[in-house]
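Trainee: Below is one structure. I have some questions about it.
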Amino acid sequence: MTAGHRLVIGPGGAGRTHRLRAWEADLDQSVVVKRLSASHARQLDEQGVADAAADQPEVLVVDDLQWFTPAAIDELIDLASKVTLWASRRPWPSNGSLRLLDDLLTEENSAERVGLMSFDDFASAVSSMIGKATSNDRLQTLFDATSGLIGLAADAIAANWFGDLDSVPEELVDGFARRMERSGLESCALAKILAVDPRLDSSTAIDALEESLDRGAAERGIRAGGLVDRDGLLIPALRVAVLADLTTDERSSIHDRLAQSLNRQQPDQALVHLLSGSGTVAGTAQTLVEAASQRQVSDPVQALALCDQAELAGVPAGDLALIRARASFSLGFSDSLRHLDDVSDPSSGQAAMLSFGIDQRDLRFAQAAGRPLVGELAEPLLNLARILVAEPFSETSAVTPSPQRQLFARMGEGLSMVVNGLTADALTLFVLAADDFDRVQPDAPVGVTPHAVGGTAAMLLGDVVGADVLLSLAVEADSGGQGEATTHRLLRAYARLLGGDYADSLTAVREGEEAHWPHRDRFLLAVLDAALARRSGDTARLRDAWARAEPVLVRQSGSWLLSDLFVELLAAGARVGDSRRVQPVAESLIEQGLALPASGPGPTNAHWLELQLGLAREDRVGVQAAFESMANHLPDDPRAKARIEAAEVWSTLMDREVDEDVVVAVSDRLSAVGDDWEASRLLGQAALDLRNPTAARRMLELARAKSSEPIDDTGDGLMALGLSEREAEVARLVSEGRTHKEVGAQLFISPKTVEHHVARVKQKLGANSRAEMLATIRQAGSHDA
């Protein structure tokens, strides 16, 4: 039984052939079968059909009908009444004789359609072609590369290729290219577009380029040629073939066409193509400037890339300087000030506000307090800066506040409460301001967050836990964006160090600073380095830490709020005998502290700094003078009170033995206000001076219980392993065949930056060539998958 005439339609020749052979396999061996096939290079005419019919077969199997001449089709129509015809063809539009033959072949059985197979069907077909079992991993790789199109798979198997897109044999690339050529000029043009933007599906591309494409011809060619997968995306193996033939100019031209076509429907995607294109699209410059301005806060990396492209398109650098400065500020880059110097109108309100924010980041609080700010935020922000340097400030005027004005006014009010010793109320206000900040997400470039100010104030007041909580909220919520992230992370590390947890500080110091960090973050890292060195008791380590910290103190700027952090640096410098760098900064901070009300921590902390410098220098007179000055103050702050008692013990220890019970009691009070390490130091020194060995041992045990030495147990070898997140992104895109310009457009960085990342990747991977680097990247990618 032959089951009547049959027709199979599909884009993959091997898929159709596989289906014909499956039908044949069901026939009795006694059935006489004759096979006919044609190709683009060898079309079949009516004589070929007549010769086959002369053998009087019962079943005539005809493959690739699309390559039969019209006369040969007519001959087959005549034969249909005498023999059973089984035929296959591509899904081309049928007309005339071919349509009549279609009707004859599908009278009893509907046409079967083959094309993109499921994985199971594909695996079965491929295994039968190979004639032996093949691993699922190998089959999956080939399936992914061909999107399950068995015709492509058959060509691949013939070339002994199993889907590795990094090493497609040249003859196979040529074969894929010929396959696309046969699908027609329109579908070839469409394939080039889909290859340049692999995220673009054929339907969207045709919609976008309808004016320059014959839609009907393109759709027919795509279907008939089997060029796209189920989602309308170009099949990966074919993309390799297309990209192999595209020149850089052709790529740029396609990016330009897509930028123009997608601008209305998909503006973000159009920007990507503008960045990768030649820059000759009409209105490119203005579009780039507008897009950069819109993204300087929300997506500053993209904004900087757009500015670079706008400058290439002819926009003067001065017209882009403010956008670049604001975007760099949003990223936390130190070069924001350099860009600001190029602004055409530095006196504008935007420039003044940005200058204020940069001053805050660089700890130039006095300069910030003198900025000519305008607008509703001017008063609360200038008050905030004045409080930070102990300058007179005015109460915020009673106007109807916007959410932004209210939260910055709360920050100033909170600092004012700290200054006056109203500690509990102050921290409550900072928490409220932090909540408002995360909710409102102000876009003003103020260079500081309530989380950072409140966390620092909490540490100054001895509430290490409160500081950790507030700063952890900032880290988790990404408060203030990337520009504030490093500050929050380093401040939290210091809060945890004060609580005896050194892990975050060790990690930060081990990783080191980034070249683009603003002064504040370099200062905080130097603080952590010096604090770890002081607590290690290692003089050599202290000298190394001071050598790294000294450049930070060249700029003599700071605030009384940071006095405890400055103690770490200045005490390290005093310990190694560098008074030249230490003294000017110390005098400025002491002057600020003494200008604050005696009821708050300011004056006491100023003299505490004097005490610490005296202890570091082993200066008995200085220690005694610091205590006597502290004793003149009667602060309400519990920490200030505990430090005054500790100063008395220190001054006594410099001359004579102190009662054990007194030292223990004072050390307990220091621990209660967040000064565990200071308590441990006091106990340790007192133990050394005790004549009673038993009492000395007890005191040393108490000292060890209150503090531990920071130990870095992470091997140095781990520092050299792995790529950064951005390097990994660049590596993945380069491994996909993207040019540096296209990678830059995708990640919104310049091609030069991409080139730099690629060089770093190659170096880190130890690759001697680009091919070796790509192979390593691919291997790592397969492991990740």
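Ordered as shown in the structure tokens, chains take letters A, B, and onward, while each chain numbers its residues from 1 and ligands are numbered from 1 in the order shown.
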Could you give me, as an mmCIF file with N, CA and C atoms, in the first residue's frame, the residues within 10 Å of stretch 667-680 of chain A, counting only C-alpha atoms and dropping anything in the same chain fewer than 5 positions from it?

Mentor:
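Written output follows (selection.cif):
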```
data_model
loop_
_atom_site.group_PDB
_atom_site.id
_atom_site.type_symbol
_atom_site.label_atom_id
_atom_site.label_comp_id
_atom_site.auth_asym_id
_atom_site.auth_seq_id
_atom_site.Cartn_x
_atom_site.Cartn_y
_atom_site.Cartn_z
ATOM 1 N N ALA A 458 26.283 59.002 64.802
ATOM 2 C CA ALA A 458 26.053 57.909 65.752
ATOM 3 C C ALA A 458 27.372 57.357 66.267
ATOM 4 N N MET A 459 28.358 57.202 65.390
ATOM 5 C CA MET A 459 29.673 56.716 65.837
ATOM 6 C C MET A 459 30.333 57.726 66.768
ATOM 7 N N LEU A 460 30.201 59.007 66.439
ATOM 8 C CA LEU A 460 30.789 60.041 67.292
ATOM 9 C C LEU A 460 30.185 60.003 68.689
ATOM 10 N N LEU A 461 28.905 59.613 68.774
ATOM 11 C CA LEU A 461 28.203 59.562 70.057
ATOM 12 C C LEU A 461 28.297 58.200 70.726
ATOM 13 N N GLY A 462 28.980 57.262 70.075
ATOM 14 C CA GLY A 462 29.192 55.946 70.695
ATOM 15 C C GLY A 462 28.117 54.924 70.391
ATOM 16 N N ASP A 463 27.176 55.222 69.490
ATOM 17 C CA ASP A 463 26.121 54.271 69.140
ATOM 18 C C ASP A 463 26.544 53.508 67.881
ATOM 19 N N VAL A 464 27.443 52.539 68.068
ATOM 20 C CA VAL A 464 27.998 51.793 66.944
ATOM 21 C C VAL A 464 26.920 50.958 66.259
ATOM 22 N N VAL A 465 26.025 50.364 67.053
ATOM 23 C CA VAL A 465 24.953 49.543 66.479
ATOM 24 C C VAL A 465 24.021 50.401 65.625
ATOM 25 N N ALA A 495 32.278 51.414 61.266
ATOM 26 C CA ALA A 495 31.372 51.187 62.396
ATOM 27 C C ALA A 495 31.543 49.769 62.921
ATOM 28 N N LEU A 497 34.207 47.903 62.569
ATOM 29 C CA LEU A 497 35.534 47.809 63.181
ATOM 30 C C LEU A 497 35.482 48.284 64.624
ATOM 31 N N LEU A 498 34.760 49.381 64.876
ATOM 32 C CA LEU A 498 34.633 49.871 66.250
ATOM 33 C C LEU A 498 33.941 48.838 67.139
ATOM 34 N N GLY A 499 33.062 48.027 66.528
ATOM 35 C CA GLY A 499 32.381 46.980 67.284
ATOM 36 C C GLY A 499 33.181 45.691 67.381
ATOM 37 N N GLY A 500 34.410 45.675 66.838
ATOM 38 C CA GLY A 500 35.270 44.496 66.948
ATOM 39 C C GLY A 500 35.204 43.556 65.760
ATOM 40 N N ARG A 535 45.475 48.870 65.610
ATOM 41 C CA ARG A 535 44.977 47.767 66.431
ATOM 42 C C ARG A 535 45.823 46.501 66.296
ATOM 43 N N ASP A 637 26.597 64.544 77.076
ATOM 44 C CA ASP A 637 26.793 63.339 76.282
ATOM 45 C C ASP A 637 27.511 62.254 77.096
ATOM 46 N N PRO A 638 26.932 61.040 77.229
ATOM 47 C CA PRO A 638 27.560 59.962 78.015
ATOM 48 C C PRO A 638 28.958 59.594 77.530
ATOM 49 N N ARG A 639 29.154 59.630 76.218
ATOM 50 C CA ARG A 639 30.471 59.254 75.715
ATOM 51 C C ARG A 639 31.517 60.297 76.110
ATOM 52 N N ALA A 640 31.138 61.549 76.014
ATOM 53 C CA ALA A 640 32.066 62.603 76.408
ATOM 54 C C ALA A 640 32.443 62.471 77.879
ATOM 55 N N LYS A 641 31.467 62.116 78.705
ATOM 56 C CA LYS A 641 31.755 61.926 80.135
ATOM 57 C C LYS A 641 32.723 60.774 80.346
ATOM 58 N N ALA A 642 32.488 59.654 79.653
ATOM 59 C CA ALA A 642 33.372 58.493 79.802
ATOM 60 C C ALA A 642 34.781 58.826 79.335
ATOM 61 N N ARG A 643 34.909 59.615 78.307
ATOM 62 C CA ARG A 643 36.241 59.956 77.799
ATOM 63 C C ARG A 643 36.983 60.896 78.747
ATOM 64 N N GLU A 645 36.707 60.766 81.993
ATOM 65 C CA GLU A 645 37.207 59.869 83.043
ATOM 66 C C GLU A 645 38.414 59.077 82.542
ATOM 67 N N ALA A 646 38.377 58.637 81.279
ATOM 68 C CA ALA A 646 39.505 57.896 80.726
ATOM 69 C C ALA A 646 40.737 58.792 80.627
ATOM 70 N N VAL A 649 42.465 58.902 83.926
ATOM 71 C CA VAL A 649 43.244 57.694 84.200
ATOM 72 C C VAL A 649 44.545 57.710 83.397
ATOM 73 N N ASP A 661 40.569 48.785 90.499
ATOM 74 C CA ASP A 661 39.113 48.924 90.414
ATOM 75 C C ASP A 661 38.710 50.167 89.622
ATOM 76 N N VAL A 662 39.464 51.232 89.799
ATOM 77 C CA VAL A 662 39.160 52.472 89.064
ATOM 78 C C VAL A 662 39.339 52.256 87.559
ATOM 79 N N GLN A 685 47.659 49.125 79.273
ATOM 80 C CA GLN A 685 48.705 49.989 79.807
ATOM 81 C C GLN A 685 48.737 49.943 81.337
ATOM 82 N N ALA A 686 47.561 49.928 81.952
ATOM 83 C CA ALA A 686 47.507 49.868 83.416
ATOM 84 C C ALA A 686 48.116 48.569 83.921
ATOM 85 N N MET A 699 43.947 42.053 84.647
ATOM 86 C CA MET A 699 43.662 43.206 83.805
ATOM 87 C C MET A 699 43.970 42.913 82.328
ATOM 88 N N LEU A 700 45.033 42.157 82.070
ATOM 89 C CA LEU A 700 45.360 41.784 80.683
ATOM 90 C C LEU A 700 44.279 40.881 80.087
ATOM 91 N N GLU A 701 43.740 39.984 80.904
ATOM 92 C CA GLU A 701 42.651 39.117 80.433
ATOM 93 C C GLU A 701 41.421 39.952 80.069
ATOM 94 N N LEU A 702 41.139 40.972 80.902
ATOM 95 C CA LEU A 702 40.018 41.867 80.594
ATOM 96 C C LEU A 702 40.290 42.639 79.300
ATOM 97 N N ALA A 703 41.542 43.063 79.117
ATOM 98 C CA ALA A 703 41.905 43.809 77.910
ATOM 99 C C ALA A 703 41.708 42.950 76.664
ATOM 100 N N ARG A 704 42.140 41.692 76.746
ATOM 101 C CA ARG A 704 41.971 40.787 75.594
ATOM 102 C C ARG A 704 40.499 40.527 75.314
ATOM 103 N N ALA A 705 39.687 40.471 76.369
ATOM 104 C CA ALA A 705 38.254 40.210 76.181
ATOM 105 C C ALA A 705 37.554 41.372 75.475
ATOM 106 N N LYS A 706 38.079 42.588 75.647
ATOM 107 C CA LYS A 706 37.427 43.757 75.069
ATOM 108 C C LYS A 706 37.863 44.053 73.643
ATOM 109 N N SER A 707 38.951 43.477 73.211
ATOM 110 C CA SER A 707 39.431 43.791 71.864
ATOM 111 C C SER A 707 40.252 42.640 71.329
ATOM 112 N N SER A 708 40.301 42.529 70.012
ATOM 113 C CA SER A 708 41.098 41.487 69.366
ATOM 114 C C SER A 708 41.919 42.116 68.258
ATOM 115 N N GLU A 709 42.967 41.420 67.863
ATOM 116 C CA GLU A 709 43.830 41.923 66.803
ATOM 117 C C GLU A 709 43.251 41.545 65.451
#
```

Trainee: List the neighbours of A:Leu363 out to 9 Å using only C-alpha atoms; skip same-chain residues closer than 2 positions along the sequence, and give me the result as a VMD selection string.

Mentor: chain A and resid 358 to 361 365 to 366 368 519 to 520 557 to 559

Trainee: Okay, now the selection with N, CA and C atoms, as a PDB file, in the first residue's frame?

Mentor:
```pdb
ATOM      1  N   ILE A 358      30.269  68.624  44.971  1.00  0.00           N
ATOM      2  CA  ILE A 358      31.664  68.187  44.833  1.00  0.00           C
ATOM      3  C   ILE A 358      32.465  68.601  46.053  1.00  0.00           C
ATOM      4  N   ASP A 359      32.227  69.814  46.552  1.00  0.00           N
ATOM      5  CA  ASP A 359      32.909  70.264  47.772  1.00  0.00           C
ATOM      6  C   ASP A 359      32.611  69.321  48.940  1.00  0.00           C
ATOM      7  N   GLN A 360      31.357  68.925  49.080  1.00  0.00           N
ATOM      8  CA  GLN A 360      30.981  68.023  50.168  1.00  0.00           C
ATOM      9  C   GLN A 360      31.732  66.690  50.047  1.00  0.00           C
ATOM     10  N   ARG A 361      31.794  66.166  48.822  1.00  0.00           N
ATOM     11  CA  ARG A 361      32.478  64.891  48.600  1.00  0.00           C
ATOM     12  C   ARG A 361      33.978  64.978  48.864  1.00  0.00           C
ATOM     13  N   PHE A 365      34.169  71.514  53.312  1.00  0.00           N
ATOM     14  CA  PHE A 365      32.891  72.000  53.850  1.00  0.00           C
ATOM     15  C   PHE A 365      32.839  73.526  53.941  1.00  0.00           C
ATOM     16  N   ALA A 366      33.966  74.151  54.278  1.00  0.00           N
ATOM     17  CA  ALA A 366      33.986  75.611  54.378  1.00  0.00           C
ATOM     18  C   ALA A 366      33.733  76.238  53.014  1.00  0.00           C
ATOM     19  N   ALA A 368      32.103  74.794  50.570  1.00  0.00           N
ATOM     20  CA  ALA A 368      30.704  74.506  50.240  1.00  0.00           C
ATOM     21  C   ALA A 368      29.780  75.534  50.882  1.00  0.00           C
ATOM     22  N   HIS A 519      37.870  62.541  47.029  1.00  0.00           N
ATOM     23  CA  HIS A 519      38.751  62.654  48.202  1.00  0.00           C
ATOM     24  C   HIS A 519      38.144  61.983  49.440  1.00  0.00           C
ATOM     25  N   ARG A 520      36.851  62.125  49.644  1.00  0.00           N
ATOM     26  CA  ARG A 520      36.218  61.571  50.844  1.00  0.00           C
ATOM     27  C   ARG A 520      36.417  60.053  50.948  1.00  0.00           C
ATOM     28  N   SER A 557      41.513  69.803  55.058  1.00  0.00           N
ATOM     29  CA  SER A 557      40.079  70.071  55.146  1.00  0.00           C
ATOM     30  C   SER A 557      39.442  69.004  56.004  1.00  0.00           C
ATOM     31  N   GLY A 558      38.304  69.339  56.604  1.00  0.00           N
ATOM     32  CA  GLY A 558      37.644  68.358  57.457  1.00  0.00           C
ATOM     33  C   GLY A 558      36.524  68.995  58.252  1.00  0.00           C
ATOM     34  N   SER A 559      35.979  68.199  59.156  1.00  0.00           N
ATOM     35  CA  SER A 559      34.869  68.664  59.989  1.00  0.00           C
ATOM     36  C   SER A 559      34.983  68.018  61.362  1.00  0.00           C
TER      37      SER A 559
END
```

Trainee: Looking at A:His633, A:His5, A:Arg575, A:Arg338, which one is nearest to A:Ala545, with distances taken over only C-alpha atoms?

Mentor: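 Among the listed residues, the smallest separation from A:Ala545 belongs to A:Arg575.
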
Trainee: Closest to A:Val440 among A:Pro403, A:Pro169, A:Pro346, A:Gly10, using only C-alpha atoms?

Mentor: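 Comparing A:Pro403, A:Pro169, A:Pro346, A:Gly10 against A:Val440, the winner is A:Pro403.
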
Trainee: Contacts of stretch 65-71 of chain A at 6 Å or less, counting only C-alpha atoms, minus same-chain residues fewer than 5 places along, as a list in words?

Mentor: Ala38, Ser39, Gln43, Leu44, Asp45, Glu46 and Arg89 of chain A

Trainee: Do you know which residues are at most 10 Å from A:Gly455 counting only C-alpha atoms, after dropping those on the same chain fewer than 2 positions away, and could you put them as a PDB file with C-alpha atoms, in the first residue's frame?

Mentor:
```pdb
ATOM      1  CA  LEU A 427      19.448  60.085  65.764  1.00  0.00           C
ATOM      2  CA  PHE A 430      18.448  61.215  60.972  1.00  0.00           C
ATOM      3  CA  VAL A 431      16.435  58.015  60.660  1.00  0.00           C
ATOM      4  CA  THR A 449      23.106  61.524  52.495  1.00  0.00           C
ATOM      5  CA  PRO A 450      21.320  61.494  55.863  1.00  0.00           C
ATOM      6  CA  HIS A 451      22.508  57.882  56.222  1.00  0.00           C
ATOM      7  CA  ALA A 452      26.171  58.915  56.032  1.00  0.00           C
ATOM      8  CA  VAL A 453      25.793  62.000  58.229  1.00  0.00           C
ATOM      9  CA  ALA A 457      27.126  61.193  64.141  1.00  0.00           C
ATOM     10  CA  ALA A 458      26.053  57.909  65.752  1.00  0.00           C
ATOM     11  CA  MET A 459      29.673  56.716  65.837  1.00  0.00           C
ATOM     12  CA  LEU A 460      30.789  60.041  67.292  1.00  0.00           C
ATOM     13  CA  LEU A 461      28.203  59.562  70.057  1.00  0.00           C
ATOM     14  CA  ASP A 463      26.121  54.271  69.140  1.00  0.00           C
ATOM     15  CA  VAL A 464      27.998  51.793  66.944  1.00  0.00           C
ATOM     16  CA  VAL A 465      24.953  49.543  66.479  1.00  0.00           C
ATOM     17  CA  GLY A 466      22.782  52.473  65.403  1.00  0.00           C
ATOM     18  CA  ALA A 467      25.452  53.549  62.921  1.00  0.00           C
ATOM     19  CA  ASP A 468      25.648  50.026  61.465  1.00  0.00           C
ATOM     20  CA  VAL A 469      21.866  49.835  61.069  1.00  0.00           C
ATOM     21  CA  LEU A 470      21.588  53.220  59.365  1.00  0.00           C
ATOM     22  CA  LEU A 471      24.516  52.579  57.008  1.00  0.00           C
ATOM     23  CA  SER A 472      23.314  49.065  56.204  1.00  0.00           C
ATOM     24  CA  ALA A 474      21.887  52.837  52.780  1.00  0.00           C
ATOM     25  CA  HIS A 488      28.317  54.058  52.785  1.00  0.00           C
ATOM     26  CA  LEU A 491      31.659  54.051  56.815  1.00  0.00           C
ATOM     27  CA  ARG A 492      29.827  50.834  57.689  1.00  0.00           C
ATOM     28  CA  ALA A 495      31.372  51.187  62.396  1.00  0.00           C
TER      29      ALA A 495
END
```

Trainee: With distances taken over only C-alpha atoms, which of A:Gln309, A:Gln404, A:Thr204, A:Gln779 is nearest to A:Ala285?

Mentor: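 Nearest candidate to A:Ala285 out of A:Gln309, A:Gln404, A:Thr204, A:Gln779: A:Gln309.
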
Trainee: Just the alpha helix (DSSP H) stuff from stretch 593-746 of chain A, please, per backbone DSSP, written as a VMD selection string.

Mentor: chain A and resid 593 to 594 602 to 617 620 to 631 638 to 653 660 to 672 676 to 689 693 to 706 725 to 735 740 to 746

Trainee: Can you write just those residues out, C-alpha atoms, as a short mmCIF file (atom, residue, chain, number, x, y, z; two decimals), in the first residue's frame?

Mentor:
```cif
data_model
loop_
_atom_site.label_atom_id
_atom_site.label_comp_id
_atom_site.auth_asym_id
_atom_site.auth_seq_id
_atom_site.Cartn_x
_atom_site.Cartn_y
_atom_site.Cartn_z
CA GLY A 593 35.42 71.50 68.20
CA LEU A 594 36.14 74.22 70.73
CA GLY A 602 32.50 69.02 70.26
CA PRO A 603 34.89 70.47 72.89
CA THR A 604 35.45 67.13 74.62
CA ASN A 605 36.30 65.42 71.33
CA ALA A 606 38.67 68.25 70.43
CA HIS A 607 40.63 67.62 73.63
CA TRP A 608 40.30 63.84 73.11
CA LEU A 609 42.19 64.35 69.84
CA GLU A 610 44.87 66.26 71.79
CA LEU A 611 45.02 63.41 74.30
CA GLN A 612 45.43 60.76 71.56
CA LEU A 613 48.24 62.70 69.93
CA GLY A 614 49.95 63.02 73.31
CA LEU A 615 49.64 59.27 73.93
CA ALA A 616 51.00 58.50 70.45
CA ARG A 617 54.01 60.74 71.09
CA ARG A 620 53.19 63.28 79.41
CA VAL A 621 52.79 67.03 79.45
CA GLY A 622 50.48 66.94 76.45
CA VAL A 623 48.35 64.18 77.96
CA GLN A 624 48.06 66.04 81.25
CA ALA A 625 47.14 69.29 79.49
CA ALA A 626 44.47 67.53 77.43
CA PHE A 627 42.90 66.03 80.56
CA GLU A 628 42.90 69.34 82.40
CA SER A 629 41.17 70.99 79.44
CA MET A 630 38.59 68.22 79.26
CA ALA A 631 37.91 68.47 82.99
CA PRO A 638 27.56 59.96 78.01
CA ARG A 639 30.47 59.25 75.72
CA ALA A 640 32.07 62.60 76.41
CA LYS A 641 31.76 61.93 80.14
CA ALA A 642 33.37 58.49 79.80
CA ARG A 643 36.24 59.96 77.80
CA ILE A 644 36.90 62.62 80.41
CA GLU A 645 37.21 59.87 83.04
CA ALA A 646 39.51 57.90 80.73
CA ALA A 647 41.67 60.98 80.18
CA GLU A 648 42.10 61.32 83.93
CA VAL A 649 43.24 57.69 84.20
CA TRP A 650 45.66 58.13 81.28
CA SER A 651 47.16 61.26 82.79
CA THR A 652 47.62 59.43 86.10
CA LEU A 653 49.15 56.35 84.41
CA GLU A 660 42.79 48.40 89.60
CA ASP A 661 39.11 48.92 90.41
CA VAL A 662 39.16 52.47 89.06
CA VAL A 663 40.73 51.36 85.75
CA VAL A 664 38.24 48.51 85.33
CA ALA A 665 35.27 50.78 86.10
CA VAL A 666 36.41 53.42 83.62
CA SER A 667 37.13 50.81 80.93
CA ASP A 668 33.61 49.42 81.39
CA ARG A 669 32.16 52.89 80.90
CA LEU A 670 34.23 53.31 77.71
CA SER A 671 32.93 49.98 76.39
CA ALA A 672 29.38 51.04 77.14
CA ASP A 676 35.97 48.94 73.31
CA TRP A 677 39.44 49.29 71.83
CA GLU A 678 40.18 52.38 73.90
CA ALA A 679 39.03 50.45 76.97
CA SER A 680 41.37 47.59 76.03
CA ARG A 681 44.30 49.98 75.55
CA LEU A 682 43.67 51.54 78.93
CA LEU A 683 43.54 48.15 80.67
CA GLY A 684 46.65 46.97 78.85
CA GLN A 685 48.71 49.99 79.81
CA ALA A 686 47.51 49.87 83.42
CA ALA A 687 48.43 46.16 83.61
CA LEU A 688 51.99 46.94 82.55
CA ASP A 689 52.29 49.46 85.38
CA PRO A 693 51.47 40.17 88.97
CA THR A 694 48.10 38.58 89.76
CA ALA A 695 46.24 41.86 89.33
CA ALA A 696 48.20 42.56 86.15
CA ARG A 697 47.17 39.18 84.68
CA ARG A 698 43.53 39.84 85.53
CA MET A 699 43.66 43.21 83.81
CA LEU A 700 45.36 41.78 80.68
CA GLU A 701 42.65 39.12 80.43
CA LEU A 702 40.02 41.87 80.59
CA ALA A 703 41.90 43.81 77.91
CA ARG A 704 41.97 40.79 75.59
CA ALA A 705 38.25 40.21 76.18
CA LYS A 706 37.43 43.76 75.07
CA GLU A 725 31.67 42.41 36.68
CA ARG A 726 32.22 44.93 33.87
CA GLU A 727 35.17 42.94 32.44
CA ALA A 728 32.98 39.83 32.36
CA GLU A 729 30.25 41.73 30.49
CA VAL A 730 32.75 42.98 27.92
CA ALA A 731 34.29 39.51 27.53
CA ARG A 732 30.90 37.90 26.90
CA LEU A 733 29.92 40.44 24.24
CA VAL A 734 33.30 40.28 22.49
CA SER A 735 33.03 36.48 22.44
CA HIS A 740 34.46 47.26 20.24
CA LYS A 741 32.11 49.96 19.01
CA GLU A 742 29.10 47.66 19.29
CA VAL A 743 30.13 46.49 22.76
CA GLY A 744 30.53 50.11 23.81
CA ALA A 745 27.08 50.92 22.50
CA GLN A 746 25.55 47.99 24.35
#
```

Trainee: Which one is closest to A:Cys188: A:Val173, A:Ala503, A:Ala477, A:Ala217? Count only C-alpha atoms.

Mentor: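 For A:Cys188, the nearest of the given residues is A:Ala217.
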
Trainee: For atom CA of A:Gly48 and atom CA of A:Ile77, determine how far apart the two atoms are, in Å to one decimal place.

Mentor: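 Atom CA of A:Ile77 lies at a distance of 14.1 Å from atom CA of A:Gly48.
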
Trainee: Expressed in Å to a single decimal, how great is the separation between atom CA of A:Asn420 and atom CA of A:Gln583?

Mentor: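 Interatomic distance here is 26.9 Å.
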
Trainee: So the first atom is atom CA of A:Arg489 and the second is atom CA of A:Asp435; what is the distance between them in Å, to one decimal place?

Mentor: 18.2 Å

Trainee: List the spatial neighbours of stretch 266-272 of chain A as number ranges by chain - criterion: any atom at most 12 Å away, only C-alpha atoms, same-chain residues fewer than 4 positions off excluded.

Mentor: A: 196-197, 199-200, 204-205, 207-208, 252, 254-262, 276-277, 279, 281, 284-285, 287-292, 294-295, 299, 302-303, 305-306, 309-310, 741-749

Trainee: When you count only C-alpha atoms, which of these residues is closest to A:Asp74: A:Arg99, A:Arg215, A:Arg510, A:Arg19?

Mentor: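 Smallest separation from A:Asp74 among the options: A:Arg99.
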
Trainee: At a cut-off of 10 Å, using only C-alpha atoms, what residues contact stretch 321-329 of chain A? Leave out same-chain residues fewer than 3 positions from it and give the result as a count of residues only.

Mentor: 52

Trainee: Quick one: residues within 10 Å of stretch 235-237 of chain A, only C-alpha atoms counted, chain neighbours fewer than 6 positions away excluded, as a PyMOL selection string?

Mentor: chain A and resi 142+144-149+152-153+156+163-165+168+172-173+176+191+194-195+198+226-229

Trainee: Looking at A:Val567, A:Val83, A:Ala424, A:Ala409, which one is nearest to A:Ala586, with distances taken over only C-alpha atoms?

Mentor: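 Ranked by minimum distance to A:Ala586, first place goes to A:Val567.
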